[in-house]
Amino acid sequence: MKLHTVVGQANHVRIADEVGSILDAIESRGGRVSRWKFYQYMSYDDPARDGAHAVAPDLYEREMYRVGRALDGRGVALHFKDNEEMNASLFNILSYGNAQYMCDGDSWTTSRRTRDLRTYDSMTDLFSAHEIAESTFRRFHEVQR
Amino acid sequence: MAGEVGALFDDEALGQTLAAELDDRDVIAVSDYDGTLFHKHDSDRTRRSVAAFRRFPARIVCSARPVADLVAALDDHGLEADWIVGCSGGVVADGRGRVLWSTPLDPRDIAALEAHLPTSKRIHCGNEVVQLSADADSLPPLPGYRVETYQGTAFISRWEASKLRAVHRLLRHLDWRGRVRAFGDGPYDEELLAYFDGTLIRGASSPVHLVRPRRSSMHEGFFKGYWMVTNRCNLDCGYCVLEDAPDQLRRELDLAGKKALAAHLYHRLGFRRLTLSGGEVLMIGRKPPADFVELLRFLKSFRSPDPQQNLELEIYTNGVLLDDAVADEMAGVVDQVAVTIDSADDRLLTVLGRNHGRSRPTSTARSKCAPGSPGAASR
């Protein structure tokens with residue numbers, strides 16, 4: 001199984017001290033964790049929400065370094081996903097059938113939408129209809145078979 | 001992990017690489033073999049790739065194949081390599097296949113692995129066992145080992161046995177101070193390419209196709225996608241913006257629409273890995289988790305032993321609705337279950353909103369944290 005942790009104001013200072021015991025607890029019950037992904041809280045352009053949850057990049061980096069140290073040797077592949085990577089890789093297929101994506105300079109509220117994905121005959125059609133950087137999309141979303 | 005990075009990305013190595021680029025020093029080329037130099041169904045492309053690679057004054061060829069196999073293959077194409085990395089980094093040899101060193105599995109690891117995988121086979125380098133091969137379909141998660149899968153067979157090595165580590169050590173062994181050019185085509189070449197800023201060789205998008213015809217999805221590559229199948233959720237996390245007003249929920253695709261979208265993503269857009277999320281993915285429809293289970297059964301039809309045809313599935317769930325019946329439905333369909341856990345402190349989880357809603361997920365999830373159960377924590 002895989003674990004996710006959203007790193008924000010409330011938990012960023014203590015999470016490095018907790019990851020070992022969380023992993024211990026899961027393993028002691030027979031669970032096996034192969035991957036663990038830590039997301040930096042992402043801004044929703046909502047001052048109240050961001051004020052309560054946002055964590056500065058340098059603090060995020062510092063604490064994720066501590067997390068890496070704490071889990072070193074535990075056999076868990078770690079992925080620290082900061083805001084930069086989250087924005088660059090953002091391509092959410094939404095429950096309405098379309099997809100949300102961002103261009104350079106976009107934020108959550110200015111993020112773009114495709115049409116219903118069923119209206120595109122191919123990914124080429126999708127790329128040509130929108131300002132989706134194909135090379136960036138492939139970097140984050142292409143799988144090799 | 002930190003040790004892994006530190007061992008490879010040290011200042012000396014990076015400094016040498018930079019100095020070599022600035023000084024325009026000699027080049028050593030490192031290339032994967034299958035799919036990069038050798039193209040099984042395109043002899044003309046193989047000939048051109050080999051000719052291009054031969055122009056480099058010093059050459060390392062890497063492969064998942066055993067060294068002897070690779071020596072014979074290179075001979076068939078009249079290509080001489082100076083060094084060979086075989087078994088995906090488990091063995092390093094000179095150009096004629098004389099072994100310089102290997103990275104064998106520890107005998108205790110072999111015993112433990114064979115106990116779990118009784119039909120596995122040993123792959124030797126001399127007297128050492130460098131890999132075990134096993135049926136990929138029946139392979140359990142093996143954290144701490146390196147596992148590469150080719151055509152349904154998984155090859156299990158020590159974590160330290162990788163193409164990148166083998167090349168890194170070889171360059172130090174040679175005291176190489178020149179430039180390095182790396183080429184590869186597959187997922188198991190990625191760390192090598194990332195480290196040396198190498199070139200990813202693609203199938204249809206190769207530079208040899210000067211005029212690229214309109215491509216069908218089968219030739220555009222394969223993709224993975226994050227699909228928020230529903231906005232419904234049974235928690236109320238403070239850091240989440242959820243569009244779950246009644247009018248927004250009414251706009252959601254119904255189950256038939258979700259199935260049609262999944263089929264379109266697979267057949268027309270080339271998606272071969274989907275991460276199903278929400279909201280809470282098990283909350284689809286009016287009587288959770290019935291619609292989720294039906295969607296799973298539909299998605300099962302896209303499973304295949306052929307890696308190019310198989311649809312991999314990952315589920316993000318908070319675990320609240322995850323019971324044995326749902327877990328049974330997931331078996332054989334879902335490759336990975338991911339759960340979110342933001343703290344070990346129940347009070348903090350309550351502050352974050354992760355203990356709100358219709359259940360207390362930490363206690364529910366604890367009950368699921370048992371061998372054979374995919375759920376184990378909270379969201």
# chains A, B, ... in the order shown; residues from 1 in each chain; ligands from 1
$ interface_residues --of "chain A" --to "chain B" --cutoff "8 Å" --atoms "only C-alpha atoms" --output "ChimeraX atom specification"
/A:1-7,10-11,15,18,21-22,26,29-34,41,44,49,53,68-69,71-73,75-78,91-97,117-118,121-124,138,141-145
$ atom_distance --atom1 "atom CA of Val320 of chain B" --atom2 "atom CA of Asp244 of chain B"
18.6 Å
$ closest_residue --among "A:Leu90, A:Leu23, A:Ala54, A:Leu59" --to "Phe137 of chain A" --atoms "only C-alpha atoms"
A:Leu90
$ residues_around --residues "Gln131 of chain B" --least-positions-apart "4" --cutoff "8 Å" --atoms "only C-alpha atoms" --output "list in words"
Cys87, Gly90, Pro104, Leu105, Arg122, Ile123, His124, Phe155, Ile156, Ser157 and Arg158 of chain B
$ select_by_dssp --residues "chain A" --states "helix (DSSP H, G or I)" --output "number ranges by chain"
A: 15-28, 47-53, 57-71, 83-89, 108-110, 117-119, 123-129, 134-141
$ atom_distance --atom1 "atom CA of Asp116 of chain A" --atom2 "atom CA of Thr317 of chain B"
24.8 Å
$ residues_around --residues "Trp176 of chain B" --least-positions-apart "4" --cutoff "10 Å" --atoms "only C-alpha atoms" --output "tab-separated table (two decimals) with N, CA and C atoms, in the first residue's frame"
chain	number	residue	atom	x	y	z
B	16	GLN	N	32.77	17.10	-11.51
B	16	GLN	CA	33.51	16.54	-12.65
B	16	GLN	C	32.67	16.61	-13.92
B	17	THR	N	31.38	16.30	-13.77
B	17	THR	CA	30.50	16.33	-14.93
B	17	THR	C	30.41	17.73	-15.52
B	20	ALA	N	33.67	18.68	-17.21
B	20	ALA	CA	33.82	17.99	-18.48
B	20	ALA	C	33.02	18.67	-19.58
B	26	ASP	N	36.42	14.49	-23.82
B	26	ASP	CA	36.01	13.28	-24.53
B	26	ASP	C	34.66	12.77	-24.03
B	27	VAL	N	34.02	12.01	-24.89
B	27	VAL	CA	32.68	11.53	-24.57
B	27	VAL	C	32.69	10.02	-24.44
B	28	ILE	N	31.99	9.54	-23.41
B	28	ILE	CA	31.70	8.12	-23.33
B	28	ILE	C	30.18	7.99	-23.46
B	168	HIS	N	27.76	4.28	-12.67
B	168	HIS	CA	28.42	5.22	-11.76
B	168	HIS	C	29.71	4.61	-11.20
B	170	LEU	N	31.37	2.07	-12.46
B	170	LEU	CA	32.31	1.80	-13.55
B	170	LEU	C	33.09	3.06	-13.91
B	171	LEU	N	32.41	4.19	-13.99
B	171	LEU	CA	33.09	5.43	-14.35
B	171	LEU	C	34.13	5.80	-13.29
B	172	ARG	N	33.80	5.53	-12.05
B	172	ARG	CA	34.79	5.78	-10.98
B	172	ARG	C	35.95	4.80	-11.11
B	180	VAL	N	29.56	12.39	-20.46
B	180	VAL	CA	28.79	11.14	-20.54
B	180	VAL	C	27.51	11.42	-21.31
$ select_by_dssp --residues "segment 195-356 of chain B" --states "strand (DSSP E or B)" --output "list in words"
Thr199, Leu200, Phe222, Phe223, Lys224, Gly225, Tyr226, Trp227, Met228, Phe271, Arg272, Arg273, Leu274, Thr275, Leu276, Ser277, Glu312, Leu313, Glu314, Ile315, Tyr316, Thr317, Gln336, Val337, Ala338, Val339 and Thr340 of chain B
$ write_last_selection --atoms "N, CA, C and O atoms" --output "CSV table (one decimal), in the first residue's frame"
chain,number,residue,atom,x,y,z
B,199,THR,N,19.2,11.0,-23.1
B,199,THR,CA,18.2,11.2,-24.2
B,199,THR,C,17.2,10.0,-24.2
B,199,THR,O,17.7,8.8,-24.2
B,200,LEU,N,15.9,10.3,-24.1
B,200,LEU,CA,14.9,9.2,-24.1
B,200,LEU,C,14.6,8.9,-25.5
B,200,LEU,O,14.1,9.8,-26.3
B,222,PHE,N,1.5,5.9,-24.1
B,222,PHE,CA,0.5,5.5,-23.1
B,222,PHE,C,0.6,6.5,-21.9
B,222,PHE,O,1.7,7.0,-21.6
B,223,PHE,N,-0.5,6.7,-21.2
B,223,PHE,CA,-0.6,7.7,-20.3
B,223,PHE,C,-1.2,7.2,-18.9
B,223,PHE,O,-1.9,6.2,-18.9
B,224,LYS,N,-0.9,8.0,-17.9
B,224,LYS,CA,-1.6,7.8,-16.6
B,224,LYS,C,-2.3,9.0,-16.3
B,224,LYS,O,-2.0,10.1,-16.6
B,225,GLY,N,-3.4,8.8,-15.6
B,225,GLY,CA,-4.3,9.9,-15.2
B,225,GLY,C,-4.8,9.8,-13.8
B,225,GLY,O,-5.0,8.7,-13.3
B,226,TYR,N,-5.1,11.0,-13.3
B,226,TYR,CA,-5.7,11.1,-11.9
B,226,TYR,C,-7.1,11.5,-12.1
B,226,TYR,O,-7.4,12.6,-12.6
B,227,TRP,N,-8.0,10.6,-11.8
B,227,TRP,CA,-9.5,10.8,-12.1
B,227,TRP,C,-10.2,11.0,-10.8
B,227,TRP,O,-10.3,10.0,-10.0
B,228,MET,N,-10.8,12.2,-10.6
B,228,MET,CA,-11.6,12.5,-9.4
B,228,MET,C,-13.0,12.1,-9.8
B,228,MET,O,-13.8,12.9,-10.2
B,271,PHE,N,-4.8,5.8,-22.2
B,271,PHE,CA,-4.5,5.7,-20.8
B,271,PHE,C,-4.4,4.2,-20.4
B,271,PHE,O,-5.2,3.4,-20.7
B,272,ARG,N,-3.3,4.0,-19.7
B,272,ARG,CA,-3.0,2.6,-19.2
B,272,ARG,C,-2.9,2.5,-17.7
B,272,ARG,O,-2.5,1.5,-17.1
B,273,ARG,N,-3.0,3.7,-17.1
B,273,ARG,CA,-3.0,3.7,-15.6
B,273,ARG,C,-3.9,4.8,-15.1
B,273,ARG,O,-3.8,5.9,-15.5
B,274,LEU,N,-4.8,4.4,-14.3
B,274,LEU,CA,-5.8,5.4,-13.7
B,274,LEU,C,-5.7,5.4,-12.2
B,274,LEU,O,-5.7,4.3,-11.6
B,275,THR,N,-5.6,6.6,-11.6
B,275,THR,CA,-5.8,6.7,-10.2
B,275,THR,C,-7.1,7.2,-9.9
B,275,THR,O,-7.5,8.3,-10.3
B,276,LEU,N,-8.0,6.4,-9.2
B,276,LEU,CA,-9.3,6.8,-8.9
B,276,LEU,C,-9.4,7.5,-7.6
B,276,LEU,O,-8.9,6.9,-6.6
B,277,SER,N,-9.9,8.7,-7.6
B,277,SER,CA,-9.9,9.5,-6.3
B,277,SER,C,-11.2,10.2,-6.2
B,277,SER,O,-12.2,10.0,-7.0
B,312,GLU,N,-3.7,-0.4,-15.4
B,312,GLU,CA,-3.4,-0.5,-14.0
B,312,GLU,C,-4.3,0.5,-13.3
B,312,GLU,O,-4.6,1.6,-13.7
B,313,LEU,N,-4.6,0.1,-12.1
B,313,LEU,CA,-5.5,0.9,-11.3
B,313,LEU,C,-5.0,1.2,-9.9
B,313,LEU,O,-4.4,0.3,-9.2
B,314,GLU,N,-5.1,2.4,-9.5
B,314,GLU,CA,-4.7,2.8,-8.1
B,314,GLU,C,-5.9,3.5,-7.5
B,314,GLU,O,-6.7,4.2,-8.2
B,315,ILE,N,-6.2,3.2,-6.2
B,315,ILE,CA,-7.3,3.8,-5.6
B,315,ILE,C,-6.9,4.7,-4.4
B,315,ILE,O,-6.0,4.2,-3.6
B,316,TYR,N,-7.3,5.9,-4.4
B,316,TYR,CA,-7.1,6.7,-3.2
B,316,TYR,C,-8.4,6.7,-2.4
B,316,TYR,O,-9.5,7.0,-2.9
B,317,THR,N,-8.3,6.3,-1.1
B,317,THR,CA,-9.5,6.1,-0.3
B,317,THR,C,-9.2,6.6,1.1
B,317,THR,O,-8.1,6.5,1.6
B,336,GLN,N,-2.9,-0.9,-6.5
B,336,GLN,CA,-2.4,-0.2,-5.3
B,336,GLN,C,-3.5,0.6,-4.6
B,336,GLN,O,-4.3,1.2,-5.3
B,337,VAL,N,-3.5,0.5,-3.3
B,337,VAL,CA,-4.4,1.3,-2.5
B,337,VAL,C,-3.6,2.3,-1.8
B,337,VAL,O,-2.6,2.0,-1.1
B,338,ALA,N,-4.0,3.6,-1.9
B,338,ALA,CA,-3.3,4.7,-1.2
B,338,ALA,C,-4.3,5.3,-0.2
B,338,ALA,O,-5.4,5.6,-0.5
B,339,VAL,N,-3.8,5.5,1.0
B,339,VAL,CA,-4.6,6.2,2.0
B,339,VAL,C,-3.9,7.3,2.6
B,339,VAL,O,-2.6,7.4,2.6
B,340,THR,N,-4.6,8.3,3.0
B,340,THR,CA,-3.9,9.5,3.5
B,340,THR,C,-3.9,9.5,5.0
B,340,THR,O,-4.9,9.2,5.7
$ residues_around --residues "Ala136 of chain B" --least-positions-apart "6" --cutoff "8 Å" --atoms "only C-alpha atoms" --output "list in words"
Thr149, Gly152, Thr153 and Ala154 of chain B
$ write_last_selection --atoms "all heavy atoms" --output "mmCIF file, in the first residue's frame"
data_model
loop_
_atom_site.group_PDB
_atom_site.id
_atom_site.type_symbol
_atom_site.label_atom_id
_atom_site.label_comp_id
_atom_site.auth_asym_id
_atom_site.auth_seq_id
_atom_site.Cartn_x
_atom_site.Cartn_y
_atom_site.Cartn_z
ATOM 1 N N THR B 149 10.109 -5.685 -14.566
ATOM 2 C CA THR B 149 9.217 -6.648 -15.208
ATOM 3 C C THR B 149 9.309 -6.530 -16.722
ATOM 4 O O THR B 149 9.207 -5.434 -17.277
ATOM 5 C CB THR B 149 7.761 -6.403 -14.759
ATOM 6 O OG1 THR B 149 7.705 -6.550 -13.336
ATOM 7 C CG2 THR B 149 6.822 -7.399 -15.393
ATOM 8 N N GLY B 152 5.861 -10.062 -18.599
ATOM 9 C CA GLY B 152 5.207 -10.910 -17.616
ATOM 10 C C GLY B 152 6.130 -11.575 -16.615
ATOM 11 O O GLY B 152 5.671 -12.267 -15.710
ATOM 12 N N THR B 153 7.423 -11.407 -16.777
ATOM 13 C CA THR B 153 8.375 -12.006 -15.837
ATOM 14 C C THR B 153 9.051 -10.900 -15.029
ATOM 15 O O THR B 153 9.540 -9.917 -15.596
ATOM 16 C CB THR B 153 9.444 -12.824 -16.583
ATOM 17 O OG1 THR B 153 8.796 -13.862 -17.320
ATOM 18 C CG2 THR B 153 10.431 -13.449 -15.599
ATOM 19 N N ALA B 154 9.036 -11.063 -13.724
ATOM 20 C CA ALA B 154 9.676 -10.089 -12.840
ATOM 21 C C ALA B 154 11.084 -10.557 -12.492
ATOM 22 O O ALA B 154 11.299 -11.745 -12.209
ATOM 23 C CB ALA B 154 8.857 -9.930 -11.564
#
